[in-house]
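Okay, target27.cif is below, mmCIF, C-alpha atoms and all ligand atoms:
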data_input
loop_
_atom_site.label_atom_id
_atom_site.label_comp_id
_atom_site.auth_asym_id
_atom_site.auth_seq_id
_atom_site.Cartn_x
_atom_site.Cartn_y
_atom_site.Cartn_z
CA MET P 29 7.45 14.99 -38.55
CA ILE P 30 6.97 13.81 -34.98
CA PRO P 31 8.11 10.19 -34.75
CA ASN P 32 5.56 7.64 -33.56
CA ILE P 33 6.11 6.46 -30.02
CA GLN P 34 5.52 2.78 -29.41
CA SER P 35 3.91 2.47 -26.00
CA LYS P 36 5.54 0.22 -23.43
CA LEU P 37 2.21 0.15 -21.59
CA PRO P 38 -0.37 0.16 -24.39
CA ASN P 39 -3.28 -0.84 -22.16
CA VAL P 40 -2.65 1.63 -19.39
CA GLY P 41 -4.46 4.94 -18.90
CA THR P 42 -4.20 7.45 -16.05
CA THR P 43 -4.29 5.92 -12.58
CA ILE P 44 -7.77 5.85 -11.00
CA PHE P 45 -6.45 7.81 -7.99
CA THR P 46 -5.65 10.81 -10.16
CA VAL P 47 -8.83 10.43 -12.22
CA MET P 48 -11.05 10.47 -9.12
CA SER P 49 -9.13 13.24 -7.33
CA VAL P 50 -9.34 15.48 -10.41
CA LEU P 51 -13.07 14.76 -10.70
CA ALA P 52 -13.53 15.44 -6.97
CA ASN P 53 -11.81 18.83 -7.31
CA GLU P 54 -13.80 19.73 -10.42
CA HIS P 55 -17.08 19.02 -8.65
CA LYS P 56 -15.98 20.23 -5.20
CA ALA P 57 -16.77 16.78 -3.87
CA ILE P 58 -15.62 15.40 -0.53
CA ASN P 59 -12.70 13.22 -1.48
CA LEU P 60 -12.89 9.78 0.14
CA GLY P 61 -11.20 8.32 -2.95
CA GLN P 62 -7.41 8.60 -3.10
CA GLY P 63 -5.83 7.41 0.17
CA PHE P 64 -4.46 10.39 2.08
CA PRO P 65 -5.27 12.00 5.43
CA ASP P 66 -6.90 15.43 5.55
CA TYR P 67 -5.79 16.07 9.15
CA ASN P 68 -2.52 17.70 10.09
CA MET P 69 0.68 15.77 10.48
CA SER P 70 2.98 16.25 13.50
CA GLU P 71 4.23 19.84 13.91
CA GLU P 72 7.27 18.40 15.62
CA LEU P 73 8.24 16.35 12.59
CA ILE P 74 7.83 19.40 10.37
CA ALA P 75 10.07 21.35 12.77
CA LEU P 76 12.69 18.59 12.64
CA VAL P 77 12.84 18.82 8.83
CA ASN P 78 13.17 22.56 9.11
CA LYS P 79 15.93 22.14 11.67
CA ALA P 80 17.77 19.67 9.42
CA MET P 81 17.59 22.14 6.53
CA GLN P 82 18.82 25.02 8.73
CA ALA P 83 21.66 22.84 9.97
CA GLY P 84 22.80 22.41 6.37
CA HIS P 85 21.67 18.84 5.69
CA ASN P 86 20.73 19.70 2.14
CA GLN P 87 23.16 17.67 0.06
CA TYR P 88 23.04 14.05 -1.04
CA VAL P 89 23.01 11.46 1.69
CA HIS P 90 24.42 8.00 1.03
CA MET P 91 22.62 6.36 -1.91
CA ASN P 92 21.28 3.62 0.37
CA GLY P 93 19.81 6.17 2.78
CA LEU P 94 21.01 8.01 5.87
CA PRO P 95 22.86 5.47 8.09
CA ALA P 96 21.21 6.79 11.30
CA LEU P 97 17.76 6.29 9.80
CA ARG P 98 18.59 2.76 8.67
CA ASP P 99 19.90 1.99 12.18
CA ARG P 100 16.61 3.14 13.73
CA LEU P 101 14.65 1.01 11.26
CA ALA P 102 16.72 -2.09 12.01
CA GLU P 103 16.03 -1.56 15.73
CA LYS P 104 12.33 -1.18 15.06
CA MET P 105 12.20 -4.39 12.99
CA ASP P 106 14.04 -6.23 15.75
CA ASP P 107 11.56 -4.89 18.34
CA LEU P 108 8.43 -5.62 16.36
CA TYR P 109 9.27 -8.74 14.39
CA ALA P 110 12.38 -10.18 16.09
CA ALA P 111 14.10 -9.73 12.73
CA ASN P 112 17.86 -9.52 12.62
CA ILE P 113 18.31 -6.94 9.84
CA ASN P 114 21.70 -5.53 8.92
CA PRO P 115 21.09 -1.81 8.25
CA ASP P 116 24.08 -1.52 5.90
CA ALA P 117 23.31 -4.52 3.73
CA GLU P 118 19.54 -4.97 3.89
CA ILE P 119 17.75 -1.59 3.95
CA THR P 120 17.45 1.05 1.23
CA ILE P 121 15.50 4.29 1.69
CA THR P 122 13.41 5.09 -1.38
CA PRO P 123 11.21 7.90 -2.69
CA GLY P 124 8.02 6.13 -1.59
CA GLY P 125 6.61 2.64 -1.29
CA THR P 126 5.43 2.45 -4.91
CA TYR P 127 8.99 3.22 -6.06
CA ALA P 128 10.32 0.45 -3.82
CA ILE P 129 7.83 -2.01 -5.37
CA TYR P 130 8.68 -0.95 -8.93
CA THR P 131 12.40 -1.19 -8.24
CA ALA P 132 12.04 -4.67 -6.72
CA LEU P 133 10.08 -5.83 -9.78
CA THR P 134 12.68 -4.38 -12.15
CA THR P 135 15.50 -5.95 -10.12
CA LEU P 136 14.01 -9.40 -10.24
CA LEU P 137 11.98 -9.95 -13.39
CA GLN P 138 13.20 -11.33 -16.71
CA PRO P 139 11.02 -11.43 -19.85
CA GLY P 140 8.60 -14.36 -19.72
CA ASP P 141 8.72 -14.77 -15.93
CA GLU P 142 5.36 -15.42 -14.32
CA VAL P 143 4.22 -13.43 -11.29
CA ILE P 144 1.32 -14.48 -9.07
CA VAL P 145 -0.86 -11.43 -8.35
CA PHE P 146 -3.99 -11.47 -6.24
CA GLU P 147 -6.89 -9.34 -7.46
CA PRO P 148 -8.06 -6.80 -6.48
CA ALA P 149 -4.48 -5.52 -6.66
CA TYR P 150 -3.00 -2.08 -6.06
CA ASP P 151 -2.95 -0.51 -9.48
CA SER P 152 0.83 -0.18 -9.90
CA TYR P 153 1.59 -3.90 -9.64
CA ILE P 154 0.52 -5.15 -13.07
CA PRO P 155 2.10 -2.30 -15.10
CA GLY P 156 5.29 -2.82 -13.04
CA ILE P 157 5.31 -6.49 -14.07
CA GLU P 158 4.41 -5.91 -17.71
CA ILE P 159 6.92 -3.14 -18.36
CA ASN P 160 9.58 -5.67 -17.41
CA GLY P 161 8.28 -8.17 -20.00
CA ALA P 162 6.94 -10.53 -17.32
CA ILE P 163 3.48 -12.05 -17.15
CA PRO P 164 0.97 -11.45 -14.36
CA VAL P 165 -0.87 -14.62 -13.35
CA LEU P 166 -4.08 -13.32 -11.81
CA ILE P 167 -5.80 -15.04 -8.91
CA PRO P 168 -9.02 -13.59 -7.50
CA LEU P 169 -9.26 -13.10 -3.75
CA VAL P 170 -12.49 -14.73 -2.65
CA TYR P 171 -15.34 -12.21 -2.31
CA PRO P 172 -16.57 -10.99 0.18
CA ASP P 173 -13.75 -11.80 2.67
CA TYR P 174 -11.01 -11.49 0.08
CA LYS P 175 -9.14 -14.52 1.42
CA ILE P 176 -6.47 -16.28 -0.64
CA ASP P 177 -7.52 -19.61 -2.19
CA TRP P 178 -4.21 -21.43 -1.64
CA GLU P 179 -5.35 -24.52 -3.60
CA LEU P 180 -5.76 -22.29 -6.61
CA VAL P 181 -2.32 -20.78 -6.00
CA LYS P 182 -0.80 -24.28 -6.06
CA GLN P 183 -2.54 -24.98 -9.38
CA LYS P 184 -1.26 -21.76 -10.94
CA ILE P 185 2.39 -22.35 -10.09
CA THR P 186 4.54 -23.45 -13.03
CA ASN P 187 8.27 -23.76 -13.63
CA LYS P 188 8.14 -20.13 -14.84
CA THR P 189 6.75 -18.74 -11.56
CA LYS P 190 9.35 -16.24 -10.36
CA LEU P 191 7.44 -14.24 -7.78
CA ILE P 192 4.40 -14.11 -5.53
CA MET P 193 3.17 -10.60 -4.66
CA LEU P 194 1.51 -10.08 -1.30
CA ASN P 195 -0.07 -7.06 0.35
CA THR P 196 -1.07 -7.02 4.03
CA PRO P 197 -2.99 -5.06 5.30
CA HIS P 198 -4.53 -5.07 1.87
CA ASN P 199 -5.41 -2.15 -0.38
CA PRO P 200 -8.28 -1.81 -1.36
CA THR P 201 -10.07 -4.38 0.85
CA GLY P 202 -8.55 -4.03 4.34
CA ALA P 203 -8.08 -7.82 4.50
CA VAL P 204 -5.02 -9.06 6.44
CA LEU P 205 -3.00 -12.26 6.19
CA GLY P 206 -3.43 -14.69 9.10
CA ALA P 207 -1.18 -17.36 10.62
CA ASP P 208 -2.87 -19.99 8.39
CA ASP P 209 -1.93 -18.04 5.26
CA ILE P 210 1.70 -17.98 6.35
CA VAL P 211 1.79 -21.79 6.74
CA HIS P 212 0.32 -22.24 3.23
CA LEU P 213 2.85 -19.81 1.81
CA GLN P 214 5.75 -21.53 3.58
CA ASN P 215 4.71 -24.90 2.18
CA ILE P 216 4.31 -23.55 -1.33
CA VAL P 217 7.67 -21.80 -1.64
CA LYS P 218 9.76 -24.32 0.30
CA GLY P 219 12.50 -25.79 -1.90
CA THR P 220 11.51 -23.64 -4.92
CA GLY P 221 13.20 -20.68 -6.58
CA ILE P 222 10.12 -18.49 -6.02
CA PHE P 223 10.61 -15.00 -4.58
CA ILE P 224 8.16 -12.90 -2.56
CA LEU P 225 7.39 -9.21 -2.88
CA SER P 226 5.49 -8.08 0.18
CA ASP P 227 3.82 -4.69 0.20
CA GLU P 228 3.47 -3.81 3.89
CA VAL P 229 2.98 -0.06 3.69
CA TYR P 230 0.01 -0.28 6.10
CA GLU P 231 1.95 -2.37 8.68
CA HIS P 232 0.86 -0.24 11.68
CA LEU P 233 -2.65 0.43 10.45
CA ILE P 234 -4.10 -2.83 11.70
CA PHE P 235 -7.25 -3.23 13.81
CA ASP P 236 -9.23 -5.41 16.22
CA GLY P 237 -6.13 -6.84 17.88
CA LYS P 238 -4.91 -8.54 14.68
CA LYS P 239 -1.20 -9.22 14.38
CA HIS P 240 0.70 -7.91 11.36
CA GLU P 241 2.06 -10.97 9.56
CA SER P 242 5.22 -9.42 8.18
CA MET P 243 7.56 -11.52 6.05
CA LEU P 244 10.23 -10.22 8.46
CA ARG P 245 8.91 -12.53 11.20
CA TYR P 246 9.71 -15.70 9.23
CA PRO P 247 13.37 -16.35 8.27
CA ASP P 248 12.35 -18.98 5.68
CA LEU P 249 10.12 -16.42 3.93
CA TYR P 250 12.34 -13.37 4.44
CA GLU P 251 15.32 -15.11 2.79
CA ARG P 252 13.47 -14.81 -0.56
CA SER P 253 11.61 -11.51 0.03
CA PHE P 254 11.63 -7.85 -0.88
CA VAL P 255 9.54 -6.11 1.80
CA CYS P 256 8.30 -2.58 1.03
CA PHE P 257 7.26 0.14 3.49
CA SER P 258 6.11 3.77 3.52
CA PHE P 259 6.77 6.64 5.93
CA GLY P 260 3.98 8.70 4.36
CA LYS P 261 1.37 6.25 5.65
CA VAL P 262 2.93 6.10 9.12
CA TYR P 263 3.38 9.83 9.75
CA HIS P 264 0.42 11.25 7.78
CA CYS P 265 2.57 12.85 5.08
CA THR P 266 1.85 10.93 1.87
CA GLY P 267 3.10 13.90 -0.16
CA TRP P 268 6.63 13.52 1.19
CA LYS P 269 7.05 10.39 -0.91
CA ILE P 270 9.48 8.49 1.25
CA GLY P 271 9.62 4.79 2.04
CA TYR P 272 12.07 1.88 2.15
CA CYS P 273 12.74 -1.63 1.00
CA VAL P 274 14.17 -4.42 3.15
CA ALA P 275 15.69 -7.54 1.60
CA PRO P 276 18.48 -10.05 2.32
CA PRO P 277 21.97 -8.87 1.26
CA ALA P 278 22.21 -10.65 -2.12
CA LEU P 279 18.77 -9.38 -3.18
CA MET P 280 19.37 -5.88 -1.82
CA ASN P 281 22.70 -5.71 -3.65
CA GLU P 282 20.85 -6.16 -6.96
CA PHE P 283 18.07 -3.77 -5.91
CA ARG P 284 20.65 -1.05 -5.32
CA LYS P 285 22.13 -1.51 -8.80
CA VAL P 286 18.75 -0.47 -10.23
CA HIS P 287 18.03 2.20 -7.62
CA GLN P 288 21.37 4.01 -8.01
CA PHE P 289 20.74 4.81 -11.68
CA ASN P 290 17.13 5.77 -11.23
CA CYS P 291 16.97 8.39 -8.50
CA PHE P 292 20.37 7.62 -6.88
CA THR P 293 19.30 8.78 -3.41
CA THR P 294 16.31 10.12 -1.49
CA ASN P 295 15.51 13.55 0.01
CA SER P 296 18.11 14.31 2.74
CA PRO P 297 16.52 16.63 5.35
CA VAL P 298 13.46 14.41 5.69
CA GLN P 299 15.73 11.46 6.48
CA PHE P 300 17.54 13.41 9.22
CA ALA P 301 14.18 14.35 10.73
CA LEU P 302 12.78 10.81 10.57
CA ALA P 303 15.91 9.37 12.20
CA GLU P 304 15.16 11.61 15.19
CA PHE P 305 11.41 11.11 15.18
CA LEU P 306 11.53 7.30 15.01
CA LYS P 307 13.02 7.20 18.50
CA GLU P 308 9.47 7.73 19.86
CA LYS P 309 7.87 4.33 19.42
CA ASP P 310 4.44 5.44 20.59
CA ARG P 311 4.03 7.50 17.48
CA TYR P 312 3.70 4.42 15.31
CA LEU P 313 2.42 1.99 17.92
CA GLN P 314 -0.73 4.05 18.56
CA LEU P 315 -1.62 4.33 14.88
CA GLY P 316 -3.77 1.20 14.73
CA ALA P 317 -6.09 2.47 17.48
CA PHE P 318 -6.22 5.94 15.91
CA LEU P 319 -7.29 4.64 12.50
CA GLN P 320 -9.59 1.97 13.95
CA GLN P 321 -11.58 4.75 15.59
CA LYS P 322 -11.95 6.44 12.20
CA ARG P 323 -13.03 3.20 10.54
CA ASP P 324 -15.67 2.76 13.26
CA TYR P 325 -16.82 6.35 13.08
CA LEU P 326 -17.46 6.16 9.34
CA LYS P 327 -19.18 2.79 9.80
CA MET P 328 -21.47 4.26 12.45
CA LEU P 329 -22.36 7.20 10.21
CA MET P 330 -22.97 4.92 7.23
CA ARG P 331 -25.65 3.01 9.14
CA GLN P 332 -28.01 5.82 8.16
CA THR P 333 -27.36 5.09 4.48
CA LYS P 334 -28.09 2.13 2.20
CA PHE P 335 -24.40 1.28 1.89
CA LYS P 336 -23.35 -1.99 3.58
CA PRO P 337 -19.81 -2.38 4.97
CA LEU P 338 -17.55 -5.30 4.17
CA PRO P 339 -15.03 -6.19 6.91
CA SER P 340 -11.84 -4.10 7.08
CA PHE P 341 -9.05 -5.14 9.45
CA GLY P 342 -6.41 -2.67 8.34
CA SER P 343 -5.24 0.09 5.95
CA TYR P 344 -6.98 3.43 5.30
CA PHE P 345 -9.87 1.75 3.54
CA GLN P 346 -13.18 -0.01 3.87
CA LEU P 347 -15.26 -1.41 1.03
CA TYR P 348 -18.99 -0.71 1.04
CA SER P 349 -21.52 -2.59 -1.05
CA TYR P 350 -24.17 -0.51 -2.83
CA SER P 351 -26.24 -3.35 -4.27
CA ASP P 352 -29.28 -2.10 -2.29
CA ILE P 353 -29.09 1.21 -4.16
CA THR P 354 -28.47 0.44 -7.84
CA ASP P 355 -27.05 -2.16 -10.20
CA GLU P 356 -24.93 0.39 -12.08
CA ALA P 357 -21.33 -0.59 -12.80
CA GLU P 358 -18.88 0.52 -10.10
CA LYS P 359 -17.09 3.08 -12.23
CA ASP P 360 -20.32 4.67 -13.50
CA PHE P 361 -21.74 4.82 -10.00
CA ALA P 362 -18.52 6.26 -8.53
CA ILE P 363 -18.57 9.01 -11.16
CA ARG P 364 -22.27 9.77 -10.57
CA LEU P 365 -21.70 9.82 -6.82
CA THR P 366 -18.93 12.38 -7.27
CA LYS P 367 -20.79 14.60 -9.74
CA ASP P 368 -24.34 14.46 -8.39
CA PHE P 369 -23.88 13.75 -4.69
CA GLY P 370 -20.47 15.31 -4.04
CA VAL P 371 -18.65 12.30 -2.59
CA ALA P 372 -15.67 10.76 -4.38
CA THR P 373 -14.71 7.10 -3.83
CA ILE P 374 -12.71 4.52 -5.78
CA PRO P 375 -14.49 1.82 -7.81
CA THR P 376 -13.02 -1.52 -6.74
CA SER P 377 -13.18 -2.70 -10.37
CA ALA P 378 -10.18 -0.42 -11.03
CA PHE P 379 -8.05 -2.92 -9.08
CA TYR P 380 -8.87 -5.77 -11.46
CA LYS P 381 -7.51 -6.62 -14.88
CA ASN P 382 -10.04 -9.44 -15.15
CA GLU P 383 -13.38 -7.72 -15.45
CA THR P 384 -14.99 -7.91 -12.00
CA ASP P 385 -17.82 -5.81 -10.65
CA ASN P 386 -19.12 -6.79 -7.21
CA LYS P 387 -20.88 -3.42 -6.69
CA VAL P 388 -18.47 -2.28 -4.01
CA LEU P 389 -16.73 1.07 -3.64
CA ARG P 390 -13.60 1.84 -1.63
CA PHE P 391 -13.99 4.57 0.99
CA CYS P 392 -10.94 6.18 2.59
CA PHE P 393 -11.62 6.89 6.28
CA SER P 394 -8.28 8.54 7.19
CA LYS P 395 -10.11 11.87 7.49
CA ASN P 396 -11.27 14.36 10.11
CA GLU P 397 -14.57 13.44 11.75
CA LYS P 398 -16.16 16.53 10.20
CA THR P 399 -15.21 15.33 6.71
CA LEU P 400 -16.71 11.90 7.36
CA GLU P 401 -19.87 13.48 8.80
CA ALA P 402 -20.30 15.75 5.79
CA ALA P 403 -19.85 12.81 3.41
CA ALA P 404 -22.40 10.68 5.25
CA GLU P 405 -24.90 13.54 5.20
CA ARG P 406 -24.69 13.56 1.41
CA LEU P 407 -24.87 9.76 1.11
CA ILE P 408 -28.09 9.57 3.14
CA LYS P 409 -29.83 11.15 0.15
CA LEU P 410 -29.32 8.04 -1.96
N1 LIG B 501 -1.97 4.47 -2.12
C1 LIG B 501 -2.99 5.43 -2.33
C2 LIG B 501 -4.34 4.79 -2.57
O1 LIG B 501 -4.46 3.61 -2.69
C3 LIG B 501 -2.77 6.37 -3.48
C4 LIG B 501 -1.45 6.40 -4.13
C5 LIG B 501 -1.53 7.08 -5.46
O2 LIG B 501 -2.32 8.00 -5.64
N2 LIG B 501 -0.78 6.61 -6.38
O3 LIG B 501 -5.29 5.52 -2.64
#

Render the structure in this file as structure tokens.
Amino acid sequence: MIPNIQSKLPNVGTTIFTVMSVLANEHKAINLGQGFPDYNMSEELIALVNKAMQAGHNQYVHMNGLPALRDRLAEKMDDLYAANINPDAEITITPGGTYAIYTALTTLLQPGDEVIVFEPAYDSYIPGIEINGAIPVLIPLVYPDYKIDWELVKQKITNKTKLIMLNTPHNPTGAVLGADDIVHLQNIVKGTGIFILSDEVYEHLIFDGKKHESMLRYPDLYERSFVCFSFGKVYHCTGWKIGYCVAPPALMNEFRKVHQFNCFTTNSPVQFALAEFLKEKDRYLQLGAFLQQKRDYLKMLMRQTKFKPLPSFGSYFQLYSYSDITDEAEKDFAIRLTKDFGVATIPTSAFYKNETDNKVLRFCFSKNEKTLEAAAERLIKL
């Protein structure tokens, strides 16, 4: 007899990104759902990985990550955010940003802890909280700008609040934190035992001259933060699954206790290559302009359709309202759009635990112009 398995995540199905990508493949749809570029990454970076492999860098690197790579990252954080980060004590290279987030949650959370989560939220956050026996306290971002209602945050804080989760630039909405948000956050956490987990994987993908409000800029916030990043998003190689977490020494020390018995260390040759490649600052500094052009190109094409854009100031994504087309639920419409019109998107409702359906779909614009043109051509038919 096969024993019954008791689920640790009874309410969780397959992630929407996989569901929509599988559906897109089945129906040969243009995939503007799951967030990944369809253009080529740097040949030079590929060659550097190859070179690292040929040079024999194929065994474990230090469990915290290749020292040279961590040195480069500390320099970059000093340059960009005037942050004084010790590469030995405060940076760990991880197999991706989502892994860094999960590890930070597991490091920090005890059963019964409350975690403030803003919805819509990236779909790994809530399962990551619940699998650790903690309780997500859900706060809606205010539609249609998706700003944080800080008064509501104050009301939701209790003596069990362990953590506030932030994400800027924000997936799925493209909203970004502003200087006013930082002041509210500083006032709320001051003198409390509340930690911050800041998902900043889209740090360079920020538009219209906005400034990235990293926790690394503010010593009073950083002292209580785990800050998570992704190389896949920066160098157009999401399939490489490599990222990093930055946290003050005492927090990072605990993070590494969890990390070392999960995957122990991260892919070596890629780290050698990135340590070399990071020396060229332009490669990440020009990313905002590159993606902004794509956002604008899709927006221009979409003017011929009945979809209406909501503002996006960063990330790979822009939300579009379809309330002029139909009042179908987001998920139903996203499925119909994939099957009957050949364009896959992500229903924003998938980022909510509290049922919410504003009739908006998430479009990924990190694509070749031809892909965006072909998608728009299909969407005009609606
Ligand atoms: N971060 C990507 C997105 O939001 C997808 C990551 C994933 O598929 N898990 O689309």

inquiry  = Which residues are near ligand LIG 501 (chain B) in this structure, taking near to mean any atom at most 6 Å from a ligand atom and counting all atoms listed in the file? Format them as a ChimeraX atom specification.
reply    = /P:45,62-63

Just the residues within 7 Å of region 110-123 of chain P, please, counting all atoms listed in the file, with nothing from its chain fewer than 4 positions along; format it as a PDB file with C-alpha atoms, in the coordinates of the input.
ATOM      1  CA  ASN P  92      21.280   3.620   0.370  1.00  0.00           C
ATOM      2  CA  GLY P  93      19.810   6.170   2.780  1.00  0.00           C
ATOM      3  CA  ARG P  98      18.590   2.760   8.670  1.00  0.00           C
ATOM      4  CA  ASP P  99      19.900   1.990  12.180  1.00  0.00           C
ATOM      5  CA  ALA P 102      16.720  -2.090  12.010  1.00  0.00           C
ATOM      6  CA  MET P 105      12.200  -4.390  12.990  1.00  0.00           C
ATOM      7  CA  ASP P 106      14.040  -6.230  15.750  1.00  0.00           C
ATOM      8  CA  TYR P 127       8.990   3.220  -6.060  1.00  0.00           C
ATOM      9  CA  ALA P 128      10.320   0.450  -3.820  1.00  0.00           C
ATOM     10  CA  LEU P 244      10.230 -10.220   8.460  1.00  0.00           C
ATOM     11  CA  ARG P 245       8.910 -12.530  11.200  1.00  0.00           C
ATOM     12  CA  LYS P 269       7.050  10.390  -0.910  1.00  0.00           C
ATOM     13  CA  ILE P 270       9.480   8.490   1.250  1.00  0.00           C
ATOM     14  CA  GLY P 271       9.620   4.790   2.040  1.00  0.00           C
ATOM     15  CA  TYR P 272      12.070   1.880   2.150  1.00  0.00           C
ATOM     16  CA  CYS P 273      12.740  -1.630   1.000  1.00  0.00           C
ATOM     17  CA  VAL P 274      14.170  -4.420   3.150  1.00  0.00           C
ATOM     18  CA  ALA P 275      15.690  -7.540   1.600  1.00  0.00           C
ATOM     19  CA  PRO P 276      18.480 -10.050   2.320  1.00  0.00           C
ATOM     20  CA  PRO P 277      21.970  -8.870   1.260  1.00  0.00           C
ATOM     21  CA  MET P 280      19.370  -5.880  -1.820  1.00  0.00           C
ATOM     22  CA  THR P 294      16.310  10.120  -1.490  1.00  0.00           C
TER      23      THR P 294
END

ask   = Which residue gives the smallest distance to Arg390 (chain P) among P:Phe64, P:Phe146, P:Phe345, P:Tyr325, with all atoms listed in the file counted?
value =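 Smallest distance to Arg390 (chain P) is found for P:Phe345.
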
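Proximity of P:Ser35, P:Thr354, P:Val229, P:Lys238 to Thr266 (chain P), computed with all atoms listed in the file, is greatest for P:Val229.
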
ask   = Suppose you want the space between CA of Leu249 (chain P) and CA of Phe223 (chain P); what is it in Å?
value = 8.6 Å

query = Which polymer residues have any atom within 12 Å of an atom of Ala378 (chain P), counting only C-alpha atoms, with same-chain residues fewer than 4 positions away left out, as JSON, numbers by chain?
reply = {"P": [40, 41, 42, 43, 44, 45, 47, 48, 61, 147, 148, 149, 150, 151, 152, 154, 199, 200, 357, 358, 359, 360, 362, 373, 374, 382, 383, 384, 385, 386, 387, 388, 389, 390]}

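Here the question is which of P:Thr366, P:Asn160, P:Asn86, P:Thr196 gets nearest to Arg406 (chain P) using all atoms listed in the file, and that residue is P:Thr366.
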
Shell of 9 Å around Tyr312 (chain P), only C-alpha atoms, local chain residues under 3 positions omitted, as number ranges by chain = P: 232-233, 262-263, 306, 308-309, 315-316

Those same residues, written as a PDB file, in the coordinates of the input with C-alpha atoms?
ATOM      1  CA  HIS P 232       0.860  -0.240  11.680  1.00  0.00           C
ATOM      2  CA  LEU P 233      -2.650   0.430  10.450  1.00  0.00           C
ATOM      3  CA  VAL P 262       2.930   6.100   9.120  1.00  0.00           C
ATOM      4  CA  TYR P 263       3.380   9.830   9.750  1.00  0.00           C
ATOM      5  CA  LEU P 306      11.530   7.300  15.010  1.00  0.00           C
ATOM      6  CA  GLU P 308       9.470   7.730  19.860  1.00  0.00           C
ATOM      7  CA  LYS P 309       7.870   4.330  19.420  1.00  0.00           C
ATOM      8  CA  LEU P 315      -1.620   4.330  14.880  1.00  0.00           C
ATOM      9  CA  GLY P 316      -3.770   1.200  14.730  1.00  0.00           C
TER      10      GLY P 316
END

ask   = In Å, with one decimal, what is the gap from CA of Ala132 (chain P) to CA of Ser242 (chain P)?
value =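 Separation of CA of Ala132 (chain P) and CA of Ser242 (chain P): 17.1 Å.
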
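Residues lying within 9 Å of Leu302 (chain P), counting only C-alpha atoms and ignoring same-chain neighbours fewer than 6 positions away, are Leu73, Leu76, Val77, Leu97 and Phe259 of chain P.
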
Convert the current residue selection to file output with C-alpha atoms, as a PDB file, in the coordinates of the input.
ATOM      1  CA  LEU P  73       8.240  16.350  12.590  1.00  0.00           C
ATOM      2  CA  LEU P  76      12.690  18.590  12.640  1.00  0.00           C
ATOM      3  CA  VAL P  77      12.840  18.820   8.830  1.00  0.00           C
ATOM      4  CA  LEU P  97      17.760   6.290   9.800  1.00  0.00           C
ATOM      5  CA  PHE P 259       6.770   6.640   5.930  1.00  0.00           C
TER       6      PHE P 259
END

So that I can see what lies close to Met69 (chain P), please list as a compact mmCIF listing (two decimals) with C-alpha atoms, keeping the file's coordinate frame the residues with an atom at most 9 Å from it, counting only C-alpha atoms and leaving out residues fewer than 5 positions away in the same chain.
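part_38.txt, freshly written:
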# COMPACT_ATOMS: atom_id res chain seq x y z
CA ILE P 74 7.83 19.40 10.37
CA TYR P 263 3.38 9.83 9.75
CA HIS P 264 0.42 11.25 7.78
CA CYS P 265 2.57 12.85 5.08

key: One-decimal distance in Å that lies between CA of Ile167 (chain P) and CA of Leu180 (chain P)   =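 Taking CA of Leu180 (chain P) and CA of Ile167 (chain P), their separation equals 7.6 Å.
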
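Checking P:Ser349, P:Asn195, P:Asn281, P:Thr186 one by one against Thr376 (chain P), counting all atoms listed in the file, you find the shortest gap at P:Ser349.
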